file final_29.pdb (PDB, C-alpha atoms, pLDDT in the B column)
ATOM      1  CA  MET U   1     -20.898  -8.837  -5.162  1.00 93.00           C
ATOM      2  CA  ILE U   2     -19.107 -11.395  -3.001  1.00 95.00           C
ATOM      3  CA  THR U   3     -19.388 -11.584   0.783  1.00 96.00           C
ATOM      4  CA  VAL U   4     -16.522 -12.726   3.010  1.00 96.00           C
ATOM      5  CA  THR U   5     -17.448 -13.688   6.567  1.00 96.00           C
ATOM      6  CA  ASN U   6     -16.380 -15.513   9.691  1.00 96.00           C
ATOM      7  CA  GLY U   7     -20.027 -16.057  10.615  1.00 94.00           C
ATOM      8  CA  LYS U   8     -20.097 -12.927  12.810  1.00 96.00           C
ATOM      9  CA  GLU U   9     -18.622 -10.117  10.689  1.00 96.00           C
ATOM     10  CA  PHE U  10     -19.172  -9.522   6.985  1.00 96.00           C
ATOM     11  CA  ILE U  11     -17.108  -7.845   4.277  1.00 96.00           C
ATOM     12  CA  LYS U  12     -19.028  -7.148   1.106  1.00 96.00           C
ATOM     13  CA  ILE U  13     -16.813  -6.862  -1.953  1.00 96.00           C
ATOM     14  CA  SER U  14     -18.572  -4.783  -4.578  1.00 94.00           C
ATOM     15  CA  SER U  15     -18.555  -5.961  -8.188  1.00 94.00           C
ATOM     16  CA  LYS U  16     -16.656  -2.809  -9.161  1.00 94.00           C
ATOM     17  CA  TYR U  17     -13.663  -4.164  -7.174  1.00 94.00           C
ATOM     18  CA  LEU U  18     -13.779  -7.597  -8.819  1.00 95.00           C
ATOM     19  CA  GLN U  19     -12.044  -8.313 -12.095  1.00 94.00           C
ATOM     20  CA  LYS U  20     -12.763 -11.652 -13.774  1.00 95.00           C
ATOM     21  CA  ASN U  21      -9.669 -13.702 -14.581  1.00 91.00           C
ATOM     22  CA  ALA U  22      -8.819 -17.279 -15.546  1.00 89.00           C
ATOM     23  CA  ASN U  23      -8.901 -18.525 -11.924  1.00 88.00           C
ATOM     24  CA  GLY U  24     -11.932 -16.582 -10.720  1.00 94.00           C
ATOM     25  CA  TYR U  25     -11.704 -12.943  -9.631  1.00 95.00           C
ATOM     26  CA  LEU U  26      -8.933 -10.514  -8.846  1.00 94.00           C
ATOM     27  CA  ILE U  27      -9.807  -8.100  -6.052  1.00 95.00           C
ATOM     28  CA  LYS U  28      -8.725  -4.716  -7.423  1.00 93.00           C
ATOM     29  CA  PRO U  29      -6.865  -2.353  -5.065  1.00 89.00           C
ATOM     30  CA  GLU U  30      -7.599   1.346  -4.686  1.00 85.00           C
ATOM     31  CA  PHE U  31      -4.104   2.398  -5.897  1.00 81.00           C
ATOM     32  CA  SER U  32      -1.758   0.895  -8.483  1.00 79.00           C
ATOM     33  CA  TYR U  33       1.233   0.801  -6.113  1.00 78.00           C
ATOM     34  CA  TRP U  34      -0.366  -2.108  -4.205  1.00 82.00           C
ATOM     35  CA  MET U  35       2.092  -4.988  -4.612  1.00 85.00           C
ATOM     36  CA  ILE U  36      -0.078  -7.914  -3.510  1.00 89.00           C
ATOM     37  CA  ASP U  37      -2.787  -9.651  -5.508  1.00 92.00           C
ATOM     38  CA  LEU U  38      -5.786 -11.150  -3.755  1.00 94.00           C
ATOM     39  CA  VAL U  39      -7.419 -13.684  -6.049  1.00 94.00           C
ATOM     40  CA  ILE U  40     -10.738 -15.415  -5.400  1.00 96.00           C
ATOM     41  CA  ILE U  41     -10.396 -18.937  -6.789  1.00 96.00           C
ATOM     42  CA  VAL U  42     -13.512 -20.439  -8.382  1.00 96.00           C
ATOM     43  CA  GLU U  43     -13.699 -24.165  -9.187  1.00 95.00           C
ATOM     44  CA  ASP U  44     -16.853 -25.824 -10.578  1.00 93.00           C
ATOM     45  CA  LYS U  45     -18.781 -22.545 -10.067  1.00 92.00           C
ATOM     46  CA  ASN U  46     -17.992 -22.495  -6.326  1.00 95.00           C
ATOM     47  CA  ILE U  47     -15.498 -20.282  -4.528  1.00 96.00           C
ATOM     48  CA  THR U  48     -12.872 -22.531  -2.943  1.00 96.00           C
ATOM     49  CA  LYS U  49     -10.425 -20.005  -1.486  1.00 96.00           C
ATOM     50  CA  ILE U  50      -8.752 -16.639  -1.682  1.00 97.00           C
ATOM     51  CA  ILE U  51      -5.026 -16.600  -2.362  1.00 96.00           C
ATOM     52  CA  LYS U  52      -2.478 -13.859  -1.795  1.00 95.00           C
ATOM     53  CA  THR U  53       0.327 -13.646  -4.376  1.00 93.00           C
ATOM     54  CA  LEU U  54       2.763 -11.130  -5.764  1.00 90.00           C
ATOM     55  CA  PRO U  55       1.496  -9.612  -9.034  1.00 83.00           C
ATOM     56  CA  TYR U  56       2.094 -12.073 -11.859  1.00 77.00           C
ATOM     57  CA  GLY U  57       3.642 -14.443  -9.351  1.00 71.00           C
ATOM     58  CA  GLU U  58       3.184 -18.147  -9.155  1.00 77.00           C
ATOM     59  CA  GLU U  59       4.076 -18.439  -5.466  1.00 88.00           C
ATOM     60  CA  VAL U  60       1.139 -18.392  -3.060  1.00 92.00           C
ATOM     61  CA  LEU U  61       2.051 -16.175  -0.095  1.00 94.00           C
ATOM     62  CA  ASP U  62      -1.078 -16.975   1.898  1.00 95.00           C
ATOM     63  CA  SER U  63      -4.308 -18.867   1.398  1.00 96.00           C
ATOM     64  CA  PHE U  64      -7.755 -18.423   2.929  1.00 97.00           C
ATOM     65  CA  ASN U  65      -9.896 -21.535   2.450  1.00 96.00           C
ATOM     66  CA  ASN U  66     -13.643 -21.265   2.007  1.00 97.00           C
ATOM     67  CA  LEU U  67     -15.327 -23.532   4.558  1.00 96.00           C
ATOM     68  CA  GLU U  68     -18.588 -23.567   2.547  1.00 92.00           C
ATOM     69  CA  LYS U  69     -19.480 -24.341  -1.034  1.00 87.00           C
ATOM     70  CA  SER U  70     -20.969 -21.165  -2.476  1.00 89.00           C
ATOM     71  CA  SER U  71     -20.681 -18.995  -5.548  1.00 88.00           C
ATOM     72  CA  HIS U  72     -21.143 -15.669  -3.712  1.00 91.00           C
ATOM     73  CA  GLU U  73     -20.117 -16.168  -0.079  1.00 94.00           C
ATOM     74  CA  ILE U  74     -16.806 -17.103   1.500  1.00 96.00           C
ATOM     75  CA  LEU U  75     -16.836 -18.455   5.051  1.00 96.00           C
ATOM     76  CA  LEU U  76     -13.388 -18.226   6.636  1.00 97.00           C
ATOM     77  CA  ALA U  77     -11.963 -19.545   9.878  1.00 97.00           C
ATOM     78  CA  GLU U  78     -11.502 -16.795  12.488  1.00 97.00           C
ATOM     79  CA  ASP U  79      -7.731 -16.420  11.978  1.00 97.00           C
ATOM     80  CA  ASP U  80      -8.069 -16.426   8.182  1.00 97.00           C
ATOM     81  CA  PHE U  81     -10.836 -13.819   8.362  1.00 97.00           C
ATOM     82  CA  ARG U  82      -8.744 -11.566  10.625  1.00 96.00           C
ATOM     83  CA  ARG U  83      -5.745 -11.704   8.230  1.00 96.00           C
ATOM     84  CA  PHE U  84      -7.927 -11.220   5.134  1.00 96.00           C
ATOM     85  CA  LYS U  85      -9.864  -8.342   6.733  1.00 96.00           C
ATOM     86  CA  LYS U  86      -6.628  -6.457   7.518  1.00 93.00           C
ATOM     87  CA  LEU U  87      -5.395  -6.889   3.935  1.00 92.00           C
ATOM     88  CA  TYR U  88      -8.730  -5.869   2.448  1.00 93.00           C
ATOM     89  CA  ILE U  89      -9.065  -2.776   4.649  1.00 91.00           C
ATOM     90  CA  ASN U  90      -5.535  -1.721   3.695  1.00 88.00           C
ATOM     91  CA  MET U  91      -6.343  -2.345   0.034  1.00 89.00           C
ATOM     92  CA  ARG U  92      -9.449  -0.145   0.263  1.00 88.00           C
ATOM     93  CA  SER U  93      -7.684   2.768   1.977  1.00 81.00           C
ATOM     94  CA  LYS U  94      -8.672   5.990   0.238  1.00 77.00           C
ATOM     95  CA  ASN U  95      -5.427   7.671   1.315  1.00 77.00           C
ATOM     96  CA  ASN U  96      -2.698   7.564  -1.290  1.00 78.00           C
ATOM     97  CA  LEU U  97       0.019   6.805   1.251  1.00 79.00           C
ATOM     98  CA  ARG U  98       2.797   6.697  -1.334  1.00 79.00           C
ATOM     99  CA  LYS U  99       1.898  10.177  -2.589  1.00 82.00           C
ATOM    100  CA  GLU U 100       1.640  11.555   0.957  1.00 82.00           C
ATOM    101  CA  ALA U 101       5.024  10.085   1.949  1.00 82.00           C
ATOM    102  CA  LEU U 102       6.720  11.373  -1.199  1.00 81.00           C
ATOM    103  CA  ILE U 103       5.293  14.882  -0.792  1.00 85.00           C
ATOM    104  CA  GLU U 104       6.336  15.009   2.866  1.00 85.00           C
ATOM    105  CA  ALA U 105       9.881  13.741   2.197  1.00 86.00           C
ATOM    106  CA  VAL U 106      10.593  16.059  -0.732  1.00 84.00           C
ATOM    107  CA  ALA U 107       8.931  19.038   0.996  1.00 87.00           C
ATOM    108  CA  GLN U 108      11.209  18.546   4.022  1.00 87.00           C
ATOM    109  CA  ILE U 109      14.319  18.426   1.817  1.00 85.00           C
ATOM    110  CA  LEU U 110      13.172  21.333  -0.361  1.00 86.00           C
ATOM    111  CA  SER U 111      12.385  23.581   2.597  1.00 89.00           C
ATOM    112  CA  PHE U 112      15.809  22.878   4.106  1.00 89.00           C
ATOM    113  CA  GLU U 113      17.631  23.527   0.818  1.00 86.00           C
ATOM    114  CA  TYR U 114      15.690  26.736   0.234  1.00 89.00           C
ATOM    115  CA  TYR U 115      16.343  27.947   3.787  1.00 91.00           C
ATOM    116  CA  GLN U 116      20.049  27.179   3.449  1.00 88.00           C
ATOM    117  CA  SER U 117      20.398  28.904   0.077  1.00 88.00           C
ATOM    118  CA  LYS U 118      18.117  31.894   0.611  1.00 86.00           C
ATOM    119  CA  TYR U 119      18.679  32.731   4.275  1.00 87.00           C
ATOM    120  CA  LEU U 120      21.952  31.183   5.437  1.00 89.00           C
ATOM    121  CA  GLU U 121      23.943  31.705   2.254  1.00 90.00           C
ATOM    122  CA  GLU U 122      21.899  34.790   1.277  1.00 90.00           C
ATOM    123  CA  THR U 123      21.615  33.884  -2.390  1.00 91.00           C
ATOM    124  CA  ASN U 124      18.843  35.044  -4.672  1.00 93.00           C
ATOM    125  CA  VAL U 125      17.496  31.598  -5.506  1.00 89.00           C
ATOM    126  CA  LEU U 126      13.979  30.498  -6.376  1.00 87.00           C
ATOM    127  CA  MET U 127      12.395  27.479  -4.724  1.00 85.00           C
ATOM    128  CA  GLU U 128      11.317  26.318  -8.191  1.00 86.00           C
ATOM    129  CA  ASP U 129      14.977  26.219  -9.324  1.00 87.00           C
ATOM    130  CA  ILE U 130      16.019  24.140  -6.328  1.00 82.00           C
ATOM    131  CA  PHE U 131      13.131  21.770  -6.979  1.00 83.00           C
ATOM    132  CA  GLU U 132      13.928  21.389 -10.686  1.00 81.00           C
ATOM    133  CA  TYR U 133      17.727  21.314 -10.663  1.00 80.00           C
ATOM    134  CA  GLU U 134      19.070  20.462  -7.219  1.00 77.00           C
ATOM    135  CA  ILE U 135      16.733  17.994  -5.519  1.00 72.00           C
ATOM    136  CA  PRO U 136      17.164  15.240  -8.148  1.00 67.00           C
ATOM    137  CA  ASN U 137      20.964  15.461  -7.943  1.00 68.00           C
ATOM    138  CA  ILE U 138      21.786  15.950  -4.270  1.00 66.00           C
ATOM    139  CA  TYR U 139      22.020  13.917  -1.102  1.00 60.00           C
ATOM    140  CA  ASP U 140      24.155  10.884  -0.617  1.00 60.00           C
ATOM    141  CA  TYR U 141      21.444   9.371   1.521  1.00 64.00           C
ATOM    142  CA  ARG U 142      23.143   5.952   1.689  1.00 66.00           C
ATOM    143  CA  LYS U 143      25.684   7.215   4.206  1.00 69.00           C
ATOM    144  CA  TYR U 144      22.772   7.849   6.592  1.00 68.00           C
ATOM    145  CA  LYS U 145      21.338   4.353   6.161  1.00 72.00           C
ATOM    146  CA  THR U 146      21.312   3.461   9.882  1.00 78.00           C
ATOM    147  CA  GLU U 147      19.595   6.697  10.878  1.00 78.00           C
ATOM    148  CA  ILE U 148      17.127   6.468   7.981  1.00 74.00           C
ATOM    149  CA  PHE U 149      16.153   2.918   8.945  1.00 75.00           C
ATOM    150  CA  LYS U 150      15.764   3.933  12.586  1.00 83.00           C
ATOM    151  CA  ARG U 151      13.503   6.854  11.651  1.00 82.00           C
ATOM    152  CA  ALA U 152      11.585   4.746   9.117  1.00 74.00           C
ATOM    153  CA  ASN U 153      10.816   2.194  11.822  1.00 79.00           C
ATOM    154  CA  GLU U 154       9.631   4.968  14.161  1.00 88.00           C
ATOM    155  CA  ILE U 155       7.331   6.330  11.430  1.00 81.00           C
ATOM    156  CA  LEU U 156       6.101   2.819  10.616  1.00 76.00           C
ATOM    157  CA  ALA U 157       5.170   2.172  14.249  1.00 84.00           C
ATOM    158  CA  LYS U 158       3.547   5.590  14.715  1.00 84.00           C
ATOM    159  CA  TYR U 159       1.518   5.917  11.510  1.00 75.00           C
ATOM    160  CA  TYR U 160       1.091   2.533   9.829  1.00 67.00           C
ATOM    161  CA  LEU U 161       1.000  -0.285  12.378  1.00 66.00           C
TER     162      LEU U 161
END

call {"tool": "encode", "arguments": {"input": "final_29.pdb", "output": "structure tokens"}}
result
Amino acid sequence: MITVTNGKEFIKISSKYLQKNANGYLIKPEFSYWMIDLVIIVEDKNITKIIKTLPYGEEVLDSFNNLEKSSHEILLAEDDFRRFKKLYINMRSKNNLRKEALIEAVAQILSFEYYQSKYLEETNVLMEDIFEYEIPNIYDYRKYKTEIFKRANEILAKYYL
């Protein structure tokens, strides 16, 4: 277990979320769609910093320097701790947000297509058939780019930020 602190608050990172690598430890995310790596850098048996990179990337996107020499505790400046804490909490989220968003989006489209076919056009269609054969092939969504981005920003502000 490794503890990250600002001297007032503590985040305990369980060993089950730490994967040994050549530089130290990779903090493992809850879901595989997470596109940021948080790596705890160990030099001479002491933790020197945590870096944020893209998976398999060489470019460091952010760095959180350890203000103390320790092998199991990381003392961060207040601003570094705040940024790290937000990333770590997001990484530990038990909600599979990608799955939820995908289910909601496809369910909205499927319900509309089924309503249109079954009730407006009065065809004898099964929802399963629409799901299997129509959903993957329909919707030129690019022509609605402006509206999609506007709605996406509304959703982002309401649910994620």

call {"tool": "atom_distance", "arguments": {"input": "final_29.pdb", "atom1": "CA of Ala77 (chain U)", "atom2": "CA of Lys20 (chain U)"}}
result
24.9 Å

call {"tool": "resolve_selection", "arguments": {"input": "final_29.pdb", "expression": "the PyMOL selection byres ((chain U and resi 11) around 10)", "output": "mmCIF file with C-alpha atoms, keeping the file's coordinate frame"}}
result
data_model
loop_
_atom_site.group_PDB
_atom_site.id
_atom_site.type_symbol
_atom_site.label_atom_id
_atom_site.label_comp_id
_atom_site.auth_asym_id
_atom_site.auth_seq_id
_atom_site.Cartn_x
_atom_site.Cartn_y
_atom_site.Cartn_z
ATOM 1 C CA ILE U 2 -19.107 -11.395 -3.001
ATOM 2 C CA THR U 3 -19.388 -11.584 0.783
ATOM 3 C CA VAL U 4 -16.522 -12.726 3.010
ATOM 4 C CA THR U 5 -17.448 -13.688 6.567
ATOM 5 C CA ASN U 6 -16.380 -15.513 9.691
ATOM 6 C CA GLU U 9 -18.622 -10.117 10.689
ATOM 7 C CA PHE U 10 -19.172 -9.522 6.985
ATOM 8 C CA LYS U 12 -19.028 -7.148 1.106
ATOM 9 C CA ILE U 13 -16.813 -6.862 -1.953
ATOM 10 C CA SER U 14 -18.572 -4.783 -4.578
ATOM 11 C CA GLU U 73 -20.117 -16.168 -0.079
ATOM 12 C CA ILE U 74 -16.806 -17.103 1.500
ATOM 13 C CA PHE U 81 -10.836 -13.819 8.362
ATOM 14 C CA PHE U 84 -7.927 -11.220 5.134
ATOM 15 C CA LYS U 85 -9.864 -8.342 6.733
ATOM 16 C CA TYR U 88 -8.730 -5.869 2.448
ATOM 17 C CA ILE U 89 -9.065 -2.776 4.649
#

call {"tool": "atom_distance", "arguments": {"input": "final_29.pdb", "atom1": "CA of Glu30 (chain U)", "atom2": "CA of Asn95 (chain U)"}}
result
9.0 Å

call {"tool": "residues_around", "arguments": {"input": "final_29.pdb", "residues": "Thr48 (chain U)", "least_positions_apart": "2", "cutoff": "6 Å", "atoms": "all atoms listed in the file", "output": "ChimeraX atom specification"}}
result
/U:41-42,66

call {"tool": "atom_distance", "arguments": {"input": "final_29.pdb", "atom1": "CA of Lys69 (chain U)", "atom2": "CA of Gln19 (chain U)"}}
result
20.8 Å
